[in-house]
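Notes follow the structure.
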Amino acid sequence: MTRPLDADVAVIGGGPAGGALAGYLAAAGRSVVVFEGTQFPRPHVGESLVPAANRVLGELGLLDQMEQEGFPRKYGAVWRAHGSRHTYDHDWQGVSTDCDASLRFAERAQEGVTRPFTYHVDRARFDHMVLERARTLGAQVHMPAKVRAVDLDADGAAELSVRHADGTTTTHRTRLVVDASGRATVLGRQLGLRVKDPVFNQLAAHTWFEDFDRGTDREDHIWIHFLPEPNAWVWQIPITDRITSFGVVTQKRNLAEAGSAEALFWGRIARCPELHSALRAARPVRPIRLEADYSYAMKRITGDRFLLVGDAARFVDPIFSSGVSVALNSARFASQAILAALERPRFDARDFDTYAQVLMRGTRTWHRFISVYYRLHVVFTWFIRHPEHRADVLRLLQGDVYDNENLPVLEAMEAMADAVESNPNHPLRGALGALTSHAFAPEQWLTAPA
Ligand SMILES: Cc1cc2nc3c(=O)[nH]c(=O)nc-3n(C[C@H](O)[C@H](O)[C@H](O)COP(=O)(O)OP(=O)(O)OC[C@H]3O[C@@H](n4cnc5c(N)ncnc54)[C@H](O)[C@@H]3O)c2cc1C
C-alpha cells in the first residue's frame with residue numbers, strides 16, 4: 001500500500017528563499033515542511049539587501065519586525081575608487097569617467113516598495129526571523145535536519161531521506177520538492193544540472209570589525225571600494241552601530257599567491273592606505289572566512305515534481321548585493337506557480353514554465369549587468385553619473401529586473417564596453433577588466449527538452 005503524503009510541499013533549506021517560500025505557502029493554507037541542515041541562528045555571508053526585497057518582507061508581514069530588530073537602514077550605495085587606475089583624464093559626452101559615484105534609492109519610486117530604504121542585516125538573525133515567520137504562519141520546520149537524497153518518482157510522489165541530529169534518518173513523502181539549499185544545490189548536484197561559470201572565478205575573504213570609524217559621510221550606505229587591480233573590490237556594510245562587515249573580492253587564483261585568507265585580505269586592503277589604517281585601528285571580531293566557486297547556473301530549474309529557488313537555482317556574483325533579493329523574489333514567484341499547480345489533480349514541469357521564465361529573465365539581467373561591470377567598471381560609474389541614464393541604472397540596482405528584458409540602458413552599456421574592447425587606442429583601454437563573461441550563456445539550456 002502506498003504511504004500517505006506527509007505534506008503538499010517539502011522545502012530543502014531554511015535560508016531566505018526556503019523560509020519565504022514556506023511562509024507564502026503556509027499563509028495560503030498549504031501544508032509545507034522545511035528541512036534545515038543547520039541549527040539557526042547561524043552566520044551567513046550576504047548582508048546588504050536591495051529594495052526589491054522589501055516587497056516580499058512586506059507581504060510576509062515582516063517590515064515592522066525589521067525595524068524592531070534594529071537592522072540598520074540602507075539608503076543607497078557608494079562606489080569609491082582607490083589608486084590611479086581609476087583616475088581617467090577623459091570625459092565621454094561631457095561626463096567624467098572617474099570611478100567615484102553614489103546614489104540614493106529615494107531618487108526613483110518603485111512599485112510595491114513604500115520605503116526609500118532597505119536594510120543591512122546580520123544574516124544569523126535575519127534568516128532566523130524569516131524562518132520563524134514561516135513557522136508562525138503554519139509551516140513545519142525541522143532543524144537541524146539534513147536532506148540526504150530525494151527520490152523524485154516514488155509511487156507518484158517525491159520522497160526525501162532526512163538525517164537528524166540524533167543520527168536517525170526519516171523519510172517524507174510530498175507532492176512537490178523545492179530545493180532552497182543555497183550553494184549546496186542539493187537537487188542540482190543530484191540531477192547533474194549545475195554548470196560552473198568558467199569566467200567568474202572569484203573568491204571573497206570576509207570578516208566583521210568592531211569600532212571601525214565609518215565617519216559621518218553616508219555611513220548608512222553600502223560602500224564598494226574599487227581596488228587598484230582588475231576585478232577586485234571591497235565591501236563595507238554596517239551590521240550594527242559598532243560592527244561593520246568587510247569583504248575582499250578578487251580572482252580565486254590570487255589566494256595561492258597570497259598563501260592564506262589573512263594574507264589575501266590584508267594584502268588587498270593595504271592597497272587602499274586610508275581604509276587600511278582605519279581597519280587596523282578597529283578590532284576584528286571573527287576569523288576571516290573564504291567563499292569561492294559561487295558563480296554557476298543550472299541547466300533546468302524546474303521538473304515534474306521539483307522547483308529550484310534562490311541560490312539553489314543560480315548565483316552570479318555579489319557585486320550588486322542581489323542575492324537575498326533574488327532568493328526572496330524567487331520564493332514569491334515560485335509560491336504563485338506552486339499554489340496554482342496544487343489546485344490541479346495533476347501537474348508537471350510545464351506548469352512551472354512561467355516561473356522559470358520570470359526567474360531566468362531576472363537572473364539573466366543581473367548576469368548581463370554584472371558582466372558589463374566586470375568588463376569595464378567605468379562604464380557602470382559613468383552611467384550612474386549620466387543624468388539621462390541614472391534612473392535606469394538605479395532601477396536595476398533596486399532589483400526591478402523581472403518584468404522586462406529589453407533594457408536600453410544595458411544595451412548602451414554593452415555597446416560602450418564593446419567600443420573600448422575593439423579599439424586598442426581607446427583612452428579607457430587601461431580600465432578594461434579581465435572577465436569577459438558574456439561568453440557564458442547558460443540560458444540556452446533552459447529551452448532544451450528536459
Ligand atoms: C561573497 C558573497 C557575498 C554576498 N553578498 C551579498 C550581499 O551583500 N547581499 C545579498 O543580497 N546577497 C549577497 N550574497 C548572496 C547571498 O548570500 C545569497 O544569495 C543568499 O544567501 C541566498 O539565499 P538562499 O536562501 O537561496 O540560500 P542560503 O541563504 O545559502 O540558505 C540555504 C540553506 O540551506 C541549508 N541546506 C544546505 N544543504 C542542505 C541540506 N542538504 N538539507 C537541509 N538544508 C540544507 C543551508 O544550511 C542554508 O541554511 C553574497 C554571496 C557571496 C558568495
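Simple scheme: letters A, B, ... for chains in C-alpha cells order, numbers from 1 for residues in each chain, numbers from 1 for ligands in the order shown.
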Please report as CSV every residue of chain A lying within 6 Å of ligand 1, along with the nearest atom pair and their distance in Å (one decimal), using only C-alpha atoms and all ligand atoms.
```
residue,atom,partner,partner_atom_place_in_ligand_line,distance
A:Ile12,CA,ligand 1,43 (C),4.9
A:Gly13,CA,ligand 1,34 (O),3.3
A:Gly14,CA,ligand 1,33 (C),5.0
A:Gly15,CA,ligand 1,31 (O),3.5
A:Pro16,CA,ligand 1,25 (O),3.9
A:Ala17,CA,ligand 1,25 (O),3.7
A:Gly18,CA,ligand 1,25 (O),5.6
A:Phe35,CA,ligand 1,43 (C),5.0
A:Glu36,CA,ligand 1,44 (N),3.8
A:Gly37,CA,ligand 1,44 (N),3.6
A:Thr38,CA,ligand 1,47 (O),4.9
A:Val45,CA,ligand 1,17 (O),4.8
A:Gly46,CA,ligand 1,6 (C),3.1
A:Glu47,CA,ligand 1,8 (O),4.5
A:Ser48,CA,ligand 1,8 (O),4.0
A:Leu49,CA,ligand 1,11 (O),4.7
A:Ala145,CA,ligand 1,43 (C),5.9
A:Lys146,CA,ligand 1,42 (N),3.6
A:Val147,CA,ligand 1,42 (N),3.9
A:Arg148,CA,ligand 1,41 (N),5.7
A:Ala180,CA,ligand 1,26 (O),5.4
A:Ser181,CA,ligand 1,34 (O),3.4
A:Gly182,CA,ligand 1,27 (O),3.4
A:Arg183,CA,ligand 1,30 (O),5.8
A:Ala184,CA,ligand 1,38 (N),5.0
A:Val186,CA,ligand 1,41 (N),5.8
A:Ala204,CA,ligand 1,1 (C),4.9
A:Glu291,CA,ligand 1,53 (C),5.6
A:Tyr294,CA,ligand 1,53 (C),5.5
A:Gly310,CA,ligand 1,26 (O),3.4
A:Asp311,CA,ligand 1,26 (O),3.9
A:Ala312,CA,ligand 1,26 (O),5.8
A:Pro318,CA,ligand 1,4 (C),4.5
A:Ser321,CA,ligand 1,9 (N),3.6
A:Ser322,CA,ligand 1,11 (O),4.5
A:Gly323,CA,ligand 1,19 (O),3.1
A:Val324,CA,ligand 1,11 (O),3.6
A:Ser325,CA,ligand 1,11 (O),5.6
A:Ala327,CA,ligand 1,26 (O),4.9
```
Given the selection you just returned, output its residues as a file containing N, CA and C atoms, formatted as an mmCIF file, in the first residue's frame.
```cif
data_model
loop_
_atom_site.group_PDB
_atom_site.id
_atom_site.type_symbol
_atom_site.label_atom_id
_atom_site.label_comp_id
_atom_site.auth_asym_id
_atom_site.auth_seq_id
_atom_site.Cartn_x
_atom_site.Cartn_y
_atom_site.Cartn_z
ATOM 1 N N ILE A 12 13.845 22.123 0.925
ATOM 2 C CA ILE A 12 15.188 21.778 1.410
ATOM 3 C C ILE A 12 15.929 23.077 1.684
ATOM 4 N N GLY A 13 16.163 23.405 2.949
ATOM 5 C CA GLY A 13 16.913 24.615 3.305
ATOM 6 C C GLY A 13 16.001 25.710 3.824
ATOM 7 N N GLY A 14 16.411 26.310 4.935
ATOM 8 C CA GLY A 14 15.590 27.338 5.580
ATOM 9 C C GLY A 14 16.206 28.723 5.524
ATOM 10 N N GLY A 15 17.033 29.016 4.496
ATOM 11 C CA GLY A 15 17.558 30.370 4.304
ATOM 12 C C GLY A 15 16.449 31.295 3.818
ATOM 13 N N PRO A 16 16.777 32.488 3.341
ATOM 14 C CA PRO A 16 15.736 33.427 2.911
ATOM 15 C C PRO A 16 14.803 32.850 1.843
ATOM 16 N N ALA A 17 15.341 32.068 0.909
ATOM 17 C CA ALA A 17 14.486 31.505 -0.148
ATOM 18 C C ALA A 17 13.529 30.480 0.439
ATOM 19 N N GLY A 18 14.058 29.539 1.206
ATOM 20 C CA GLY A 18 13.214 28.486 1.768
ATOM 21 C C GLY A 18 12.236 29.021 2.796
ATOM 22 N N PHE A 35 13.142 21.447 5.853
ATOM 23 C CA PHE A 35 14.268 20.765 6.494
ATOM 24 C C PHE A 35 15.482 21.677 6.379
ATOM 25 N N GLU A 36 15.978 22.120 7.516
ATOM 26 C CA GLU A 36 17.163 22.976 7.519
ATOM 27 C C GLU A 36 18.312 22.196 8.158
ATOM 28 N N GLY A 37 19.404 22.113 7.414
ATOM 29 C CA GLY A 37 20.518 21.253 7.831
ATOM 30 C C GLY A 37 21.289 21.747 9.043
ATOM 31 N N THR A 38 21.259 23.038 9.332
ATOM 32 C CA THR A 38 21.999 23.570 10.476
ATOM 33 C C THR A 38 21.005 23.960 11.568
ATOM 34 N N VAL A 45 27.092 34.665 4.810
ATOM 35 C CA VAL A 45 27.520 35.819 4.008
ATOM 36 C C VAL A 45 26.312 36.374 3.248
ATOM 37 N N GLY A 46 26.370 37.698 2.905
ATOM 38 C CA GLY A 46 25.291 38.281 2.094
ATOM 39 C C GLY A 46 24.417 39.194 2.931
ATOM 40 N N GLU A 47 24.959 40.332 3.333
ATOM 41 C CA GLU A 47 24.338 41.112 4.420
ATOM 42 C C GLU A 47 23.666 42.407 3.996
ATOM 43 N N SER A 48 23.747 42.741 2.726
ATOM 44 C CA SER A 48 23.187 44.021 2.311
ATOM 45 C C SER A 48 22.068 43.770 1.304
ATOM 46 N N LEU A 49 20.870 44.239 1.599
ATOM 47 C CA LEU A 49 19.725 43.942 0.728
ATOM 48 C C LEU A 49 19.568 45.013 -0.348
ATOM 49 N N ALA A 145 18.167 19.254 10.355
ATOM 50 C CA ALA A 145 17.672 18.082 9.630
ATOM 51 C C ALA A 145 18.180 18.193 8.200
ATOM 52 N N LYS A 146 19.083 17.303 7.864
ATOM 53 C CA LYS A 146 19.768 17.432 6.572
ATOM 54 C C LYS A 146 19.188 16.478 5.537
ATOM 55 N N VAL A 147 18.784 17.007 4.417
ATOM 56 C CA VAL A 147 18.259 16.153 3.340
ATOM 57 C C VAL A 147 19.434 15.453 2.659
ATOM 58 N N ARG A 148 19.389 14.123 2.675
ATOM 59 C CA ARG A 148 20.498 13.336 2.113
ATOM 60 C C ARG A 148 20.236 12.960 0.667
ATOM 61 N N ALA A 180 15.848 24.741 -1.854
ATOM 62 C CA ALA A 180 16.264 26.089 -1.424
ATOM 63 C C ALA A 180 17.542 25.949 -0.617
ATOM 64 N N SER A 181 18.387 24.999 -1.029
ATOM 65 C CA SER A 181 19.570 24.663 -0.225
ATOM 66 C C SER A 181 20.746 25.574 -0.494
ATOM 67 N N GLY A 182 20.539 26.673 -1.196
ATOM 68 C CA GLY A 182 21.620 27.620 -1.444
ATOM 69 C C GLY A 182 22.712 27.008 -2.309
ATOM 70 N N ARG A 183 23.951 27.377 -2.000
ATOM 71 C CA ARG A 183 25.051 26.923 -2.850
ATOM 72 C C ARG A 183 25.348 25.424 -2.689
ATOM 73 N N ALA A 184 24.704 24.777 -1.725
ATOM 74 C CA ALA A 184 24.824 23.310 -1.639
ATOM 75 C C ALA A 184 24.146 22.677 -2.852
ATOM 76 N N VAL A 186 21.421 20.990 -3.590
ATOM 77 C CA VAL A 186 21.204 19.556 -3.363
ATOM 78 C C VAL A 186 20.643 18.859 -4.609
ATOM 79 N N ALA A 204 35.937 35.434 -2.186
ATOM 80 C CA ALA A 204 35.785 36.523 -1.213
ATOM 81 C C ALA A 204 36.390 36.100 0.114
ATOM 82 N N GLU A 291 34.886 32.459 0.729
ATOM 83 C CA GLU A 291 33.782 31.933 -0.097
ATOM 84 C C GLU A 291 34.322 31.843 -1.526
ATOM 85 N N TYR A 294 31.322 30.364 -6.366
ATOM 86 C CA TYR A 294 29.924 30.730 -6.140
ATOM 87 C C TYR A 294 29.206 31.225 -7.395
ATOM 88 N N GLY A 310 16.175 30.598 -5.234
ATOM 89 C CA GLY A 310 17.333 31.243 -4.605
ATOM 90 C C GLY A 310 18.640 30.756 -5.211
ATOM 91 N N ASP A 311 19.669 30.706 -4.357
ATOM 92 C CA ASP A 311 20.988 30.275 -4.840
ATOM 93 C C ASP A 311 20.969 28.846 -5.376
ATOM 94 N N ALA A 312 20.020 28.048 -4.948
ATOM 95 C CA ALA A 312 19.954 26.681 -5.476
ATOM 96 C C ALA A 312 19.617 26.693 -6.964
ATOM 97 N N PRO A 318 28.391 38.640 -6.199
ATOM 98 C CA PRO A 318 27.783 39.511 -5.187
ATOM 99 C C PRO A 318 27.911 41.017 -5.427
ATOM 100 N N SER A 321 24.817 43.173 -4.655
ATOM 101 C CA SER A 321 24.001 42.775 -3.488
ATOM 102 C C SER A 321 22.636 42.228 -3.893
ATOM 103 N N SER A 322 22.608 41.431 -4.927
ATOM 104 C CA SER A 322 21.317 40.981 -5.453
ATOM 105 C C SER A 322 20.812 39.676 -4.833
ATOM 106 N N GLY A 323 21.702 38.891 -4.166
ATOM 107 C CA GLY A 323 21.388 37.501 -3.832
ATOM 108 C C GLY A 323 20.157 37.298 -2.968
ATOM 109 N N VAL A 324 20.059 38.028 -1.850
ATOM 110 C CA VAL A 324 18.924 37.802 -0.951
ATOM 111 C C VAL A 324 17.628 38.248 -1.621
ATOM 112 N N SER A 325 17.703 39.336 -2.381
ATOM 113 C CA SER A 325 16.512 39.796 -3.095
ATOM 114 C C SER A 325 16.060 38.749 -4.118
ATOM 115 N N ALA A 327 16.653 35.585 -3.886
ATOM 116 C CA ALA A 327 16.131 34.454 -3.097
ATOM 117 C C ALA A 327 14.681 34.723 -2.692
#
```
Write down as a PDB file with N, CA and C atoms, in the first residue's frame the residues of range 40-167 of chain A whose backbone DSSP state falls under helix (DSSP H, G or I).
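Listed below is the output, selection.pdb:
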```pdb
ATOM      1  N   ALA A  52      14.076  45.660  -3.698  1.00  0.00           N
ATOM      2  CA  ALA A  52      13.070  44.683  -4.148  1.00  0.00           C
ATOM      3  C   ALA A  52      12.799  43.626  -3.077  1.00  0.00           C
ATOM      4  N   ALA A  53      13.716  43.500  -2.124  1.00  0.00           N
ATOM      5  CA  ALA A  53      13.477  42.573  -1.010  1.00  0.00           C
ATOM      6  C   ALA A  53      12.315  43.064  -0.144  1.00  0.00           C
ATOM      7  N   ASN A  54      12.135  44.381  -0.056  1.00  0.00           N
ATOM      8  CA  ASN A  54      11.084  44.938   0.819  1.00  0.00           C
ATOM      9  C   ASN A  54       9.696  44.429   0.453  1.00  0.00           C
ATOM     10  N   ARG A  55       9.487  44.260  -0.848  1.00  0.00           N
ATOM     11  CA  ARG A  55       8.166  43.827  -1.326  1.00  0.00           C
ATOM     12  C   ARG A  55       7.795  42.498  -0.657  1.00  0.00           C
ATOM     13  N   VAL A  56       8.733  41.574  -0.662  1.00  0.00           N
ATOM     14  CA  VAL A  56       8.471  40.249  -0.085  1.00  0.00           C
ATOM     15  C   VAL A  56       8.359  40.354   1.438  1.00  0.00           C
ATOM     16  N   LEU A  57       9.257  41.117   2.037  1.00  0.00           N
ATOM     17  CA  LEU A  57       9.202  41.259   3.502  1.00  0.00           C
ATOM     18  C   LEU A  57       7.864  41.860   3.918  1.00  0.00           C
ATOM     19  N   GLY A  58       7.369  42.803   3.117  1.00  0.00           N
ATOM     20  CA  GLY A  58       6.069  43.409   3.403  1.00  0.00           C
ATOM     21  C   GLY A  58       4.955  42.379   3.295  1.00  0.00           C
ATOM     22  N   GLU A  59       4.972  41.592   2.217  1.00  0.00           N
ATOM     23  CA  GLU A  59       3.901  40.596   2.025  1.00  0.00           C
ATOM     24  C   GLU A  59       3.905  39.537   3.119  1.00  0.00           C
ATOM     25  N   LEU A  63       8.010  43.724   7.733  1.00  0.00           N
ATOM     26  CA  LEU A  63       8.696  45.025   7.672  1.00  0.00           C
ATOM     27  C   LEU A  63       8.793  45.687   9.049  1.00  0.00           C
ATOM     28  N   ASP A  64       7.722  45.616   9.834  1.00  0.00           N
ATOM     29  CA  ASP A  64       7.801  46.234  11.168  1.00  0.00           C
ATOM     30  C   ASP A  64       8.860  45.539  12.022  1.00  0.00           C
ATOM     31  N   GLN A  65       8.921  44.218  11.842  1.00  0.00           N
ATOM     32  CA  GLN A  65       9.915  43.478  12.634  1.00  0.00           C
ATOM     33  C   GLN A  65      11.342  43.844  12.235  1.00  0.00           C
ATOM     34  N   MET A  66      11.541  44.178  10.960  1.00  0.00           N
ATOM     35  CA  MET A  66      12.877  44.619  10.526  1.00  0.00           C
ATOM     36  C   MET A  66      13.296  45.841  11.345  1.00  0.00           C
ATOM     37  N   GLU A  67      12.342  46.730  11.602  1.00  0.00           N
ATOM     38  CA  GLU A  67      12.626  47.919  12.409  1.00  0.00           C
ATOM     39  C   GLU A  67      12.864  47.530  13.872  1.00  0.00           C
ATOM     40  N   GLN A  68      11.976  46.657  14.386  1.00  0.00           N
ATOM     41  CA  GLN A  68      12.114  46.264  15.805  1.00  0.00           C
ATOM     42  C   GLN A  68      13.444  45.552  16.052  1.00  0.00           C
ATOM     43  N   SER A  84      45.491  55.146  -8.733  1.00  0.00           N
ATOM     44  CA  SER A  84      45.470  55.874 -10.002  1.00  0.00           C
ATOM     45  C   SER A  84      44.770  55.111 -11.122  1.00  0.00           C
ATOM     46  N   ARG A  85      44.628  53.813 -10.963  1.00  0.00           N
ATOM     47  CA  ARG A  85      43.976  53.019 -12.010  1.00  0.00           C
ATOM     48  C   ARG A  85      42.567  53.537 -12.322  1.00  0.00           C
ATOM     49  N   HIS A  86      41.992  54.259 -11.375  1.00  0.00           N
ATOM     50  CA  HIS A  86      40.619  54.702 -11.538  1.00  0.00           C
ATOM     51  C   HIS A  86      40.483  56.168 -11.913  1.00  0.00           C
ATOM     52  N   PHE A 105      18.344  55.374  -3.002  1.00  0.00           N
ATOM     53  CA  PHE A 105      17.167  54.676  -3.542  1.00  0.00           C
ATOM     54  C   PHE A 105      15.981  55.625  -3.694  1.00  0.00           C
ATOM     55  N   ALA A 106      15.936  56.664  -2.856  1.00  0.00           N
ATOM     56  CA  ALA A 106      14.806  57.594  -2.895  1.00  0.00           C
ATOM     57  C   ALA A 106      14.704  58.334  -4.229  1.00  0.00           C
ATOM     58  N   GLU A 107      15.766  58.274  -5.041  1.00  0.00           N
ATOM     59  CA  GLU A 107      15.746  59.007  -6.318  1.00  0.00           C
ATOM     60  C   GLU A 107      14.744  58.415  -7.306  1.00  0.00           C
ATOM     61  N   ARG A 123      22.890  38.193   9.046  1.00  0.00           N
ATOM     62  CA  ARG A 123      22.132  37.103   8.443  1.00  0.00           C
ATOM     63  C   ARG A 123      21.717  36.043   9.462  1.00  0.00           C
ATOM     64  N   ALA A 124      22.486  35.892  10.527  1.00  0.00           N
ATOM     65  CA  ALA A 124      22.073  34.900  11.532  1.00  0.00           C
ATOM     66  C   ALA A 124      20.680  35.277  12.041  1.00  0.00           C
ATOM     67  N   ARG A 125      20.488  36.532  12.372  1.00  0.00           N
ATOM     68  CA  ARG A 125      19.202  36.970  12.940  1.00  0.00           C
ATOM     69  C   ARG A 125      18.132  37.103  11.860  1.00  0.00           C
ATOM     70  N   PHE A 126      18.534  37.601  10.694  1.00  0.00           N
ATOM     71  CA  PHE A 126      17.565  37.815   9.612  1.00  0.00           C
ATOM     72  C   PHE A 126      16.968  36.480   9.140  1.00  0.00           C
ATOM     73  N   ASP A 127      17.835  35.527   8.849  1.00  0.00           N
ATOM     74  CA  ASP A 127      17.347  34.244   8.315  1.00  0.00           C
ATOM     75  C   ASP A 127      16.461  33.541   9.352  1.00  0.00           C
ATOM     76  N   HIS A 128      16.865  33.669  10.625  1.00  0.00           N
ATOM     77  CA  HIS A 128      16.074  33.054  11.696  1.00  0.00           C
ATOM     78  C   HIS A 128      14.685  33.694  11.750  1.00  0.00           C
ATOM     79  N   MET A 129      14.667  35.015  11.613  1.00  0.00           N
ATOM     80  CA  MET A 129      13.396  35.745  11.671  1.00  0.00           C
ATOM     81  C   MET A 129      12.450  35.292  10.541  1.00  0.00           C
ATOM     82  N   VAL A 130      12.989  35.168   9.334  1.00  0.00           N
ATOM     83  CA  VAL A 130      12.141  34.771   8.187  1.00  0.00           C
ATOM     84  C   VAL A 130      11.618  33.351   8.398  1.00  0.00           C
ATOM     85  N   LEU A 131      12.495  32.470   8.871  1.00  0.00           N
ATOM     86  CA  LEU A 131      12.073  31.075   9.067  1.00  0.00           C
ATOM     87  C   LEU A 131      11.045  30.978  10.198  1.00  0.00           C
ATOM     88  N   GLU A 132      11.260  31.731  11.266  1.00  0.00           N
ATOM     89  CA  GLU A 132      10.284  31.707  12.363  1.00  0.00           C
ATOM     90  C   GLU A 132       8.929  32.242  11.905  1.00  0.00           C
ATOM     91  N   ARG A 133       8.965  33.210  10.998  1.00  0.00           N
ATOM     92  CA  ARG A 133       7.706  33.734  10.454  1.00  0.00           C
ATOM     93  C   ARG A 133       6.952  32.624   9.719  1.00  0.00           C
ATOM     94  N   ALA A 134       7.686  31.835   8.946  1.00  0.00           N
ATOM     95  CA  ALA A 134       7.052  30.718   8.226  1.00  0.00           C
ATOM     96  C   ALA A 134       6.420  29.756   9.223  1.00  0.00           C
ATOM     97  N   ARG A 135       7.165  29.502  10.304  1.00  0.00           N
ATOM     98  CA  ARG A 135       6.637  28.581  11.326  1.00  0.00           C
ATOM     99  C   ARG A 135       5.350  29.163  11.935  1.00  0.00           C
ATOM    100  N   THR A 136       5.368  30.445  12.237  1.00  0.00           N
ATOM    101  CA  THR A 136       4.181  31.080  12.814  1.00  0.00           C
ATOM    102  C   THR A 136       2.997  30.993  11.846  1.00  0.00           C
ATOM    103  N   LEU A 137       3.293  31.074  10.565  1.00  0.00           N
ATOM    104  CA  LEU A 137       2.212  31.025   9.573  1.00  0.00           C
ATOM    105  C   LEU A 137       1.699  29.601   9.353  1.00  0.00           C
TER     106      LEU A 137
END
```
Range 220-414 of chain A: residues DSSP assigns to strand (DSSP E or B), reported as number ranges by chain: A: 222-226, 233-238, 243-251, 283-284, 289-292, 296-298, 302-303, 306-308, 315
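For Asp213 in chain A, the residues within 12 Å (counting only C-alpha atoms, excluding itself and residues fewer than 5 positions away along the chain) are Glu219, Gln236, Pro238, Asp241, Arg242, Ile243, Thr244, Glu274, Leu275, His276, Ser277, Ala278, Leu279, Arg280, Ala281, Ala282 and Arg283 of chain A.
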Produce a file of the selected residues containing N, CA and C atoms, as a PDB file, in the first residue's frame.
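The resulting result.pdb:
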```
ATOM      1  N   GLU A 219      27.190  57.023   6.029  1.00  0.00           N
ATOM      2  CA  GLU A 219      27.616  55.805   6.747  1.00  0.00           C
ATOM      3  C   GLU A 219      26.537  54.736   6.743  1.00  0.00           C
ATOM      4  N   GLN A 236      31.884  47.196   2.282  1.00  0.00           N
ATOM      5  CA  GLN A 236      31.806  47.741   3.638  1.00  0.00           C
ATOM      6  C   GLN A 236      30.318  47.876   3.972  1.00  0.00           C
ATOM      7  N   PRO A 238      27.445  48.195   7.167  1.00  0.00           N
ATOM      8  CA  PRO A 238      27.173  48.340   8.607  1.00  0.00           C
ATOM      9  C   PRO A 238      26.226  47.249   9.089  1.00  0.00           C
ATOM     10  N   ASP A 241      25.478  49.383  15.198  1.00  0.00           N
ATOM     11  CA  ASP A 241      26.157  50.665  15.429  1.00  0.00           C
ATOM     12  C   ASP A 241      27.670  50.495  15.445  1.00  0.00           C
ATOM     13  N   ARG A 242      28.104  49.353  15.990  1.00  0.00           N
ATOM     14  CA  ARG A 242      29.548  49.194  16.201  1.00  0.00           C
ATOM     15  C   ARG A 242      30.216  48.193  15.267  1.00  0.00           C
ATOM     16  N   ILE A 243      29.436  47.310  14.690  1.00  0.00           N
ATOM     17  CA  ILE A 243      30.040  46.257  13.848  1.00  0.00           C
ATOM     18  C   ILE A 243      29.896  46.617  12.372  1.00  0.00           C
ATOM     19  N   THR A 244      30.990  46.440  11.637  1.00  0.00           N
ATOM     20  CA  THR A 244      30.968  46.662  10.183  1.00  0.00           C
ATOM     21  C   THR A 244      31.552  45.421   9.505  1.00  0.00           C
ATOM     22  N   GLU A 274      44.106  54.546   3.254  1.00  0.00           N
ATOM     23  CA  GLU A 274      43.202  55.141   4.255  1.00  0.00           C
ATOM     24  C   GLU A 274      42.353  54.067   4.935  1.00  0.00           C
ATOM     25  N   LEU A 275      41.812  53.200   4.099  1.00  0.00           N
ATOM     26  CA  LEU A 275      40.973  52.115   4.620  1.00  0.00           C
ATOM     27  C   LEU A 275      41.814  51.204   5.508  1.00  0.00           C
ATOM     28  N   HIS A 276      43.035  50.954   5.067  1.00  0.00           N
ATOM     29  CA  HIS A 276      43.928  50.071   5.808  1.00  0.00           C
ATOM     30  C   HIS A 276      44.165  50.604   7.212  1.00  0.00           C
ATOM     31  N   SER A 277      44.500  51.906   7.334  1.00  0.00           N
ATOM     32  CA  SER A 277      44.777  52.389   8.692  1.00  0.00           C
ATOM     33  C   SER A 277      43.507  52.428   9.533  1.00  0.00           C
ATOM     34  N   ALA A 278      42.350  52.715   8.921  1.00  0.00           N
ATOM     35  CA  ALA A 278      41.112  52.718   9.705  1.00  0.00           C
ATOM     36  C   ALA A 278      40.782  51.292  10.184  1.00  0.00           C
ATOM     37  N   LEU A 279      41.043  50.303   9.350  1.00  0.00           N
ATOM     38  CA  LEU A 279      40.744  48.921   9.753  1.00  0.00           C
ATOM     39  C   LEU A 279      41.734  48.409  10.785  1.00  0.00           C
ATOM     40  N   ARG A 280      42.992  48.833  10.679  1.00  0.00           N
ATOM     41  CA  ARG A 280      43.991  48.419  11.667  1.00  0.00           C
ATOM     42  C   ARG A 280      43.651  49.002  13.042  1.00  0.00           C
ATOM     43  N   ALA A 281      42.960  50.154  13.041  1.00  0.00           N
ATOM     44  CA  ALA A 281      42.574  50.771  14.319  1.00  0.00           C
ATOM     45  C   ALA A 281      41.317  50.119  14.893  1.00  0.00           C
ATOM     46  N   ALA A 282      40.622  49.317  14.087  1.00  0.00           N
ATOM     47  CA  ALA A 282      39.411  48.633  14.544  1.00  0.00           C
ATOM     48  C   ALA A 282      39.788  47.216  15.014  1.00  0.00           C
ATOM     49  N   ARG A 283      38.806  46.497  15.552  1.00  0.00           N
ATOM     50  CA  ARG A 283      39.097  45.180  16.134  1.00  0.00           C
ATOM     51  C   ARG A 283      38.343  44.098  15.366  1.00  0.00           C
TER      52      ARG A 283
END
```
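A straight line drawn from CA of Gly430 in chain A to CA of His221 in chain A is 28.9 Å long.
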List as JSON lines every residue of range 62-81 of chain A that is in contact with range 367-390 of chain A, defined as an atom at most 12 Å from one of its atoms (using only C-alpha atoms), together with the nearest atom pair and the distance in Å rounded to one decimal, sorted by chain and then rising number.
```
{"residue": "A:Ala77", "atom": "CA", "partner": "A:Ile384", "partner_atom": "CA", "distance": 11.1}
{"residue": "A:Val78", "atom": "CA", "partner": "A:Thr381", "partner_atom": "CA", "distance": 10.2}
{"residue": "A:Trp79", "atom": "CA", "partner": "A:Thr381", "partner_atom": "CA", "distance": 7.9}
{"residue": "A:Arg80", "atom": "CA", "partner": "A:Thr381", "partner_atom": "CA", "distance": 9.9}
{"residue": "A:Ala81", "atom": "CA", "partner": "A:Val378", "partner_atom": "CA", "distance": 10.3}
```
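For the residues A:Gly23, A:Gly61, A:Gly303, A:Pro345, ranking by smallest atom-to-atom distance to Asp179 in chain A using only C-alpha atoms places A:Gly303 first.
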CA of His206 in chain A to CA of Asp400 in chain A, distance in Å rounded to a single decimal: 27.6 Å
Residue neighbourhood range 350-361 of chain A, 7 Å, only C-alpha atoms, exclusion window fewer than 2 positions, as a PyMOL selection string: chain A and resi 301-302+330+333-334+337+341+347-348+363-365+402+405
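Closest to Thr240 in chain A among A:Gly138, A:Gly215, A:Gly70, A:Gly399 is A:Gly70, based on only C-alpha atoms.
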Residue contacts of Ala331 in chain A (7 Å, only C-alpha atoms) excluding same-chain residues fewer than 6 positions away, as a list of chain:residue names: A:Ala17, A:Ala20, A:Leu21, A:Val309
Pairwise distance for CA of Ala297 in chain A and CA of Arg314 in chain A, rounded to one decimal in Å: 4.8 Å
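Using only C-alpha atoms for every distance, the candidate list A:Pro144, A:Glu111, A:Ala415, A:Lys74 yields A:Pro144 as the residue closest to Thr168 in chain A.
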